[in-house]
Each structure stands twice: as C-alpha cells, then as structure tokens.
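Peer 1: Handing you this structure, nothing more for now.
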Amino acid sequence: MVQSESIVSAYAPPFKIISKYFIAAMASFVILNFLLLINYSSISGHHFQPIILSINHIATLGWITMIIFGAMFQLVPVVLETKLFSEKLAEIQFWIYLPGVIGLVYCFWYFETGLYMNLSAILLNLAMFIFAFNIIMTFTKVKKWNITGLYLAAAIFYLIVTAIAGLLLTINLGSPYIKIDHLQYLNLHSHVAFIGWVSMVVMGVSFKLIPMFTLSHGYALTYSKWAFWLINIGLLGINTIFHYEDTTFLYYILTPMITLGILLSLVQVYIILKNRIRNKLDTGLKFSSYAFLMLGLTTVLGTFIAFINYQNILNLTLIYGYMIIFGYLSMLVVGQMYKIIPFLVWYHKYSSKVGLEPVPMLKDMFNEKFAYIEFYLMLTAVFGSLYSLTFRSEIGLLISFSLMLISSIIFLFNMITIFRK
Amino acid sequence: MTSFNIITKDMKISKMLAEFPQTFDVLIKASPHFKKLENKILRKALAGRVTVAQAASIAGVDLYSVLFELNKSINNLIEPKQNLSEKMNNDNLVKQKPEMLNNISVDKIHQLDVRPVIESGKDPFQDIMAAVKELKSDGILLIINSFEPIPLYSVLGKQGFEHWTEIENNMFRIYFYKDEKIKQDVNSSKQKLSSKEVEYKNVIELDVRELLPPEPMIKILETLSQVDENTVLLVHHHREPMMLYPKLEERGYEAVSNKIEENYFKVVITKKRNM
C-alpha cells in the first residue's frame, strides 16, 4: 500500500526527559531569586563581580538555556515534523550539563578560576555539542523547512559560538592569554548568547507557537524573514570585525542592523497577535506579550549602550542585564510554560483516555488565579527592580527581589501541581 | 447497473482509480497536479467528490484529451493482450470494410449523432446505451462523433458488438454490429479488478479549525467511536496534527493529512484493516 510520508508512526515526545529539564530549570529560577534576595545589597556597581557572574549563569544556563533544551526536544519534532534523532543523547546530555552548570556557578561564586572552572566549562561545552549534534541530526531528516527551522538552525550555531567563547573566557580568567580586552570579549559572549542563541530560539518558536495558541492565520511572514537576515548578518559581521582594528564604521552599520532585525521580528509577533481569532489573551499569553514589549525596550537601551561609553554610567549594564533576563526572558518563559506544560502533561497522561473515560480539561490542570497573581507580582518586581537599580534604592531592591522570589515560588508550585495532575 | 469499462467525464476520480488503477499513471502524465492521489485513502475522501471533468479543469488540462488517454489505458488492459505484429495484422485486416456493412439496408442502421450532446457538456453514454438496448439483434448502430470513442469499443465489445470506424474531416462514423461468429466472455476479467477495494460508505466531517489545542484532539478522539471500517472521518484542521498521529495509532486508526492551503489541512482518518 502506498503510504503518505506525513504519517509519523509511533512518534511521541520523550516526556520523562523533557520534564527533567523543565523541573531543573524551574528549580534554578527559584534558587536564583533566592540568591538575589539574600545578596540584594551587593547587586550594584560593575557587572564583573563574582556573585553577579554566578547568579547570572544560574539564570542563563540553569534557568533559560535549560528550559530551551527541554522545550526544543519537545518542539523540534512538532515544528519540523520529524522524530528527535536520539532520546538517549538528550538524557546523557542532561547528566553532563547539570554538573557543568553547578560547577561553573560554584566557581564563579568563590571565584575559583583554573582547573575546576575550566572543567565545568568543558562539561558545558560537551553537553552543548551533544545537543547541537542531536538537533542537527534531527534536522537532516526534515523534509519541509520553514522559517522556524531556519531560526532554530541559526540558534544552534550561536549556541556553539557562545559555548566556545565561554570556555575561552574561563581559561583566560585562570591564565590570561586573550590579547583583546577580556570584558570586550565577555560583551561579545553575552550578546551572541542573548541575541544569537536565546532570541533566535524565542523568535523562531514564537512564530510557530503564538499562532497555535491564538489560532492566528492569514498573515505574511515577510518581517520574520527580513529580521532573520538582518540579525544574522549583523551578528556575524560584528563577530568578524571584532578581531580587526579600525572597524568603527562597520560597527556603526552592523549594530543598527541587529536592532532593526529585532524590532522587525517584534512587528511580526504583533502582526500574528493582531490576526488572532481568540480575542482574549489568557495569562500565559499576557506574560508573553509583556515580555515582547520588554524586548523592544531592551533593544532600544542596548543600542543606546552600544553607542555610548556606558562604563561611566553606574548600574547601566546591570539594568540592561536585568531587563533581558527578567523583563524579557523570564516573563516569556513563564508565560510559555503556562501554555506548554499543561498541554504536555495532559497529552502524556490523558490523551490516550479521551473518549474512553472522563478526562480533565486543559483549564482544570492548574489554578489560573494563581497564575494571574504571579503575573502581577512579577511585573511589579521587574519594574520595581529596574527603578531601584536606576535610583540605587536598596530597600526598593529588597522589596522587588522578595516579590520576584514569591512569584517564582508560585510558579514552581503551579507547575508541580500540573505535573502531579 | 454496475460500472462499465468506460470513463466518462462525470465519473468520480476516486471510483475511476479504484476500478482502473492503471489510470493513475495517465493522470500523472497529464499533470503532476495529480500526484497527491498516490495515497489510496486520500483518493477516496479527497477525490471522492471530484469528477474527471472537474479534476481536469483544476489541473488545467484539456478534458477530452485526458478522457481519451484514460480510456485508452483501460482499453489496453481489457482487450486481450496482443503483441505488436498481431496488432499490425489485425489493423490490416480491419482496413477492409466488413462485407456485411456494405450490403446492408439503410433501415437497419440506427444513427446517433452524439456531437451536439457532447458540445452541450453532457455525456452521451446513457443515450448510446439506450440506443443499444433498442437495437434489434441484426441491427447496426452508427455513432457519429468528433473523436474516436475508444472506450465504447470495449463496452459494446463485451456485449458482443464488433465495430468499424470511418474518419471523414474529423468526423468519426462508428458502426457497431453483431457478428455471430465471435463470442467473448469478458466479464470475468472485470471482477478481479474491483474486489480488493472497499468502498467507504459513510463520511463524518469534523471542523476543528476554531478550537484551541488540545480541543481538536479531544473532538477527534471522541468521534472515533463512530468510525468503523466503512467510515471515513474527514477533519478540517488548521494545521497538521502531529501529536494526534500516535494517539490514532494506539487505537488502530491511521491518518493522512493533505495541505489544502496555509492553515487548512484535510485530515482523513480511517480504521486500519487487517490485510
């Protein structure tokens, strides 16, 4: 019998592995907020401080990248209509990655440069290479490419660039060898991470998930394509000219390209949202919408920083980093998790029983009211922290960080409730 | 009346493909547009309502040339296989007008000009068959047409008719007559063809395009209890339901999705058969 290629037999996302990543990530989020709170008085001044570096890496590696790994194992097969290359590798990766994160965070905290920090960075690199290999092998089976696939492919490339740059930086801390300024290199490492790796994933996935969640269609994806090329050319360009002297002129061209690219991708998100059938935005989508707004603001601030001598303005990089990690990424991840996790758990536990016995509806999976409260707590915490960092109010930071911790605990509680359903 | 070995422009594509699998190659040759029909289940549900004429206009190919090719393809199979030299001999033989046609009285000839019927967009098949019915045993049917109705040769051939065709300025004059000497039982060959295909009698349609996940999945899985071996569940979906496939598999169903346009997929779900 002739069979269509679109039949995927016995395809199922590896729930056990994915939930491991998700739970580790959510725990990191709470830990990171707890550490921020107990060190609230140290969160000021220059960003190159052990505690800030340490907390920052709990956020980027333990929280955000961890959750992206889990989400990608889940989403890549759905978005690109193929099976994940290896579930076993995904499992192995987790057990290499986790000690890597803990090791690096520990070494930053006590600023133990040298062997242990290098080892942690090597573990992280290994885990990321395994991830990249697993996803690239999955890509080779893809028959129908779409814009999301393109974004994800680029993201994998930048993940590896970030990982290698990170490893070089850790080695450099122990035994300096980089001729270029360490901080400048760090700057590149973080921008490739946030724009290349994280935002590429965020954008690519958003162009697929938001229409799915809002039943939006009938729009063109033109802006997403422009955004893709602008961001990529800009980012690759800056990575290249960085190694040469007298490239100020190119820098002034490439930086606005990235800015324009990110803004265009936001225009695309706006267009998708505008074309939605369901008018009401639920809590998950509310989180996401504010996150995108925050990304816009952060991009403008980032561009501003790129053109001025920012080191003279106290706390500016901290504000910038806080906006990225909390205002943009954490809001977005929390919002998306409220959409993805209930569905994932429901699918795993109940979809086989539909029509055979009564099953809970998606909205019965968690208490939306708690999520709603969490949303406002988080929003208040974000703006409170930004205000307090700008005007250097320690008491403001104390209150804001407390609110953020509470909201992260509500989040964890809600997610555990769903997992236990 | 069951099906005849003729393909008319009003015949459903799905029926045609089920009865004459070889016509599929003809379709693909006519237009790659028809590639989609490769899948049998899709064929039934998606091509179930499309006639040959509609399909030809969708694919942008000339209806009559496709019809001609289609009928030619099924004819080759139904006529006893001949090798080329035999065929040449046959052709030479037939070049001579059969004697009985030369000395036949005009009143025995029933003339039927089907050109006006075809021009009006209808199919003359029923008219022809009606005329055949009324024909006396020694009568001759003369059909006048603008093209050679090759399928008719085999249809009437089965009923014991011989044919003789004259061409005159793009006008075909085809004489059908009975020759007592030749009797064929062609019926047996037909039966073998259609026994394997099972016709789907019921179609349940479900539109889930306005539903948020996982409601489409819930709706579909809940409807499965109504889908038996003879039923097709046709789902109108806004995307390809990748997560649904394994759940269908679990319950012994299979699905095929066909992308109609951006955000519109037709998903055809059927119960698996034990082959």
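Letters for chains follow the order of the structure tokens (A, B, ...), residue numbers begin at 1 for each chain, and ligand numbers begin at 1 in the order shown.
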If we count only C-alpha atoms, what is near A:Leu124 at a cut-off of 6 Å, once residues fewer than 2 positions away on the same chain are taken out, given as a list in words?

Peer 2: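 The contact residues come out as Tyr97, Gly100, Ala121, Ile122, Leu126 and Ala127 of chain A.
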
Peer 1: Where does chain B meet chain A within 10 Å, residue by residue, with the nearest atom pair and distance in Å to one decimal for each, counting only C-alpha atoms, listed by chain and rising number, as a Markdown table?

Peer 2:
| residue | atom | partner | partner_atom | distance |
| --- | --- | --- | --- | --- |
| B:Lys36 | CA | A:Ser4 | CA | 9.1 |
| B:Leu37 | CA | A:Ser4 | CA | 9.9 |
| B:Glu38 | CA | A:Val2 | CA | 6.8 |
| B:Asn39 | CA | A:Val2 | CA | 5.6 |
| B:Lys40 | CA | A:Val2 | CA | 7.0 |
| B:Ile41 | CA | A:Gln3 | CA | 9.1 |
| B:Leu42 | CA | A:Ser4 | CA | 9.0 |
| B:Arg209 | CA | A:Leu215 | CA | 8.1 |
| B:Glu210 | CA | A:Leu215 | CA | 7.1 |
| B:Leu211 | CA | A:Leu215 | CA | 7.8 |
| B:Leu212 | CA | A:Phe213 | CA | 6.5 |
| B:Pro213 | CA | A:Phe213 | CA | 7.3 |
| B:Pro214 | CA | A:Phe343 | CA | 7.1 |
| B:Glu215 | CA | A:Met361 | CA | 8.6 |
| B:Met217 | CA | A:Ser351 | CA | 8.0 |
| B:Ile218 | CA | A:Val354 | CA | 6.1 |
| B:Lys219 | CA | A:Gly355 | CA | 8.6 |
| B:Ile220 | CA | A:Gly355 | CA | 9.1 |
| B:Leu221 | CA | A:Gly355 | CA | 6.0 |
| B:Glu222 | CA | A:Gly355 | CA | 4.3 |
| B:Thr223 | CA | A:Gly355 | CA | 7.7 |
| B:Leu224 | CA | A:Gly355 | CA | 8.1 |
| B:Ser225 | CA | A:Gly355 | CA | 7.8 |
| B:His238 | CA | A:Leu215 | CA | 8.2 |
| B:Arg239 | CA | A:Met212 | CA | 8.6 |
| B:Glu240 | CA | A:Ser6 | CA | 8.8 |
| B:Pro241 | CA | A:Val78 | CA | 8.9 |
| B:Met242 | CA | A:Val78 | CA | 6.2 |
| B:Met243 | CA | A:Val78 | CA | 7.4 |
| B:Leu244 | CA | A:Ser351 | CA | 9.0 |
| B:Tyr245 | CA | A:Val8 | CA | 6.5 |
| B:Pro246 | CA | A:Ala10 | CA | 4.9 |
| B:Lys247 | CA | A:Ser352 | CA | 6.2 |
| B:Leu248 | CA | A:Ser352 | CA | 9.0 |
| B:Glu249 | CA | A:Ala10 | CA | 6.8 |
| B:Glu250 | CA | A:Ser352 | CA | 7.8 |
| B:Arg251 | CA | A:Ser352 | CA | 8.6 |
| B:Glu254 | CA | A:Ile7 | CA | 8.0 |
| B:Ala255 | CA | A:Ile7 | CA | 6.8 |
| B:Val256 | CA | A:Ile7 | CA | 6.4 |
| B:Ser257 | CA | A:Ser6 | CA | 6.8 |
| B:Asn258 | CA | A:Ser6 | CA | 8.7 |
| B:Glu262 | CA | A:Gly218 | CA | 7.9 |
| B:Asn263 | CA | A:His217 | CA | 6.6 |
| B:Tyr264 | CA | A:His217 | CA | 9.8 |
| B:Met275 | CA | A:Met1 | CA | 9.9 |

Peer 1: Near stretch 44-61 of chain A, within 7 Å and counting only C-alpha atoms, which residues show up once chain neighbours fewer than 6 positions away are dropped, as a ChimeraX atom specification?

Peer 2: /A:28-29,32,101,105,108-111,314-315,317-318

Peer 1: With only C-alpha atoms as the basis for distance, which of A:Phe391, A:Tyr338, A:Phe249, A:Phe85 is at the shortest distance from A:Ile313?

Peer 2: A:Phe391

Peer 1: Rounded to one decimal, what separation in Å do you get between atom CA of A:Met137 and atom CA of A:Gly62?

Peer 2: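 Distance between the two atoms: 24.7 Å.
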
Peer 1: Applying 12 Å and only C-alpha atoms, which residues near B:Ala131 remain after dropping the ones on its own chain fewer than 2 positions away? List them as an NGL selection string.

Peer 2: :B and (109-114 or 124-129 or 133-136 or 139-143 or 156 or 176)

Peer 1: Would you save the residues of that selection, restricted to N, CA and C atoms, as an mmCIF file, in the first residue's frame?

Peer 2:
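Written output follows (out_38.cif):
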data_model
loop_
_atom_site.group_PDB
_atom_site.id
_atom_site.type_symbol
_atom_site.label_atom_id
_atom_site.label_comp_id
_atom_site.auth_asym_id
_atom_site.auth_seq_id
_atom_site.Cartn_x
_atom_site.Cartn_y
_atom_site.Cartn_z
ATOM 1 N N ILE B 109 -29.982 0.476 -40.002
ATOM 2 C CA ILE B 109 -28.981 1.293 -39.312
ATOM 3 C C ILE B 109 -29.668 2.313 -38.414
ATOM 4 N N HIS B 110 -29.281 2.240 -37.151
ATOM 5 C CA HIS B 110 -29.781 3.260 -36.219
ATOM 6 C C HIS B 110 -28.683 4.292 -36.045
ATOM 7 N N GLN B 111 -28.954 5.522 -36.522
ATOM 8 C CA GLN B 111 -27.900 6.538 -36.489
ATOM 9 C C GLN B 111 -28.027 7.421 -35.257
ATOM 10 N N LEU B 112 -26.893 7.663 -34.626
ATOM 11 C CA LEU B 112 -26.908 8.517 -33.430
ATOM 12 C C LEU B 112 -25.740 9.492 -33.499
ATOM 13 N N ASP B 113 -26.068 10.749 -33.669
ATOM 14 C CA ASP B 113 -25.022 11.778 -33.705
ATOM 15 C C ASP B 113 -24.876 12.345 -32.295
ATOM 16 N N VAL B 114 -23.764 12.032 -31.675
ATOM 17 C CA VAL B 114 -23.608 12.456 -30.269
ATOM 18 C C VAL B 114 -22.890 13.795 -30.134
ATOM 19 N N PRO B 124 -22.772 11.501 -23.520
ATOM 20 C CA PRO B 124 -23.725 10.771 -24.370
ATOM 21 C C PRO B 124 -23.848 9.295 -24.017
ATOM 22 N N PHE B 125 -23.123 8.874 -22.999
ATOM 23 C CA PHE B 125 -23.039 7.450 -22.715
ATOM 24 C C PHE B 125 -24.409 6.798 -22.510
ATOM 25 N N GLN B 126 -25.234 7.493 -21.697
ATOM 26 C CA GLN B 126 -26.556 6.915 -21.422
ATOM 27 C C GLN B 126 -27.385 6.802 -22.701
ATOM 28 N N ASP B 127 -27.294 7.839 -23.546
ATOM 29 C CA ASP B 127 -28.033 7.827 -24.816
ATOM 30 C C ASP B 127 -27.608 6.639 -25.658
ATOM 31 N N ILE B 128 -26.298 6.430 -25.699
ATOM 32 C CA ILE B 128 -25.779 5.338 -26.513
ATOM 33 C C ILE B 128 -26.280 3.996 -25.990
ATOM 34 N N MET B 129 -26.206 3.855 -24.662
ATOM 35 C CA MET B 129 -26.625 2.584 -24.088
ATOM 36 C C MET B 129 -28.113 2.328 -24.314
ATOM 37 N N LYS B 133 -29.840 -0.790 -26.403
ATOM 38 C CA LYS B 133 -30.897 -1.633 -25.863
ATOM 39 C C LYS B 133 -32.015 -1.855 -26.872
ATOM 40 N N GLU B 134 -32.326 -0.757 -27.568
ATOM 41 C CA GLU B 134 -33.433 -0.821 -28.515
ATOM 42 C C GLU B 134 -33.063 -1.531 -29.813
ATOM 43 N N LEU B 135 -31.765 -1.717 -29.978
ATOM 44 C CA LEU B 135 -31.265 -2.259 -31.233
ATOM 45 C C LEU B 135 -31.705 -3.720 -31.406
ATOM 46 N N LYS B 136 -32.195 -4.026 -32.605
ATOM 47 C CA LYS B 136 -32.565 -5.412 -32.875
ATOM 48 C C LYS B 136 -31.308 -6.239 -33.067
ATOM 49 N N GLY B 139 -29.513 -5.431 -36.016
ATOM 50 C CA GLY B 139 -29.402 -4.000 -36.263
ATOM 51 C C GLY B 139 -27.969 -3.507 -36.173
ATOM 52 N N ILE B 140 -27.759 -2.327 -36.706
ATOM 53 C CA ILE B 140 -26.426 -1.722 -36.682
ATOM 54 C C ILE B 140 -26.530 -0.328 -36.075
ATOM 55 N N LEU B 141 -25.659 -0.080 -35.169
ATOM 56 C CA LEU B 141 -25.661 1.243 -34.539
ATOM 57 C C LEU B 141 -24.564 2.078 -35.171
ATOM 58 N N LEU B 142 -24.936 3.244 -35.680
ATOM 59 C CA LEU B 142 -23.938 4.149 -36.257
ATOM 60 C C LEU B 142 -23.822 5.374 -35.356
ATOM 61 N N ILE B 143 -22.667 5.517 -34.817
ATOM 62 C CA ILE B 143 -22.457 6.672 -33.948
ATOM 63 C C ILE B 143 -21.577 7.672 -34.663
ATOM 64 N N LEU B 156 -19.082 -2.043 -25.640
ATOM 65 C CA LEU B 156 -20.017 -2.737 -26.518
ATOM 66 C C LEU B 156 -19.439 -4.073 -26.972
ATOM 67 N N PHE B 176 -21.463 -0.172 -35.099
ATOM 68 C CA PHE B 176 -21.415 -1.312 -34.176
ATOM 69 C C PHE B 176 -22.378 -2.367 -34.685
#

Peer 1: In Å, how far is it from atom CA of A:Pro14 to atom CA of A:Gln336?

Peer 2: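 That distance, rounded to one decimal, is 18.9 Å.
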
Peer 1: Here is a test: counting only C-alpha atoms, which residue of A:Met337, A:Leu403, A:Leu397, A:Ile418 is nearest to A:Asp364?

Peer 2: A:Ile418

Peer 1: Pick from A:Ile64, A:Val205, A:Val142, A:Leu230: nearest to A:Ile325, with only C-alpha atoms counted?

Peer 2: A:Ile64

Peer 1: Counting only C-alpha atoms, which of A:Met203, A:Ile102, A:Ala220, A:Met365 gets nearest to A:Asn275?

Peer 2: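 Residue with the minimum atom-to-atom distance to A:Asn275: A:Ala220.
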
Peer 1: Figure out the distance between atom CA of A:Asn172 and atom CA of A:Cys107, please, to one decimal in Å.

Peer 2: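 About the pair atom CA of A:Cys107 and atom CA of A:Asn172: they are 14.2 Å apart.
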
Peer 1: Could you write out, as a VMD selection string, all the residues of stretch 52-236 of chain A that DSSP marks as alpha helix (DSSP H)?

Peer 2: chain A and resid 52 to 57 66 to 80 87 to 109 115 to 139 147 to 174 182 to 191 200 to 214 222 to 236

Peer 1: Could you check which of A:Gln93, A:Asn33, A:Ser120, A:Thr299 is closest to A:Phe401, using only C-alpha atoms?

Peer 2: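 Looking only at the distances to A:Phe401, the closest residue turns out to be A:Asn33.
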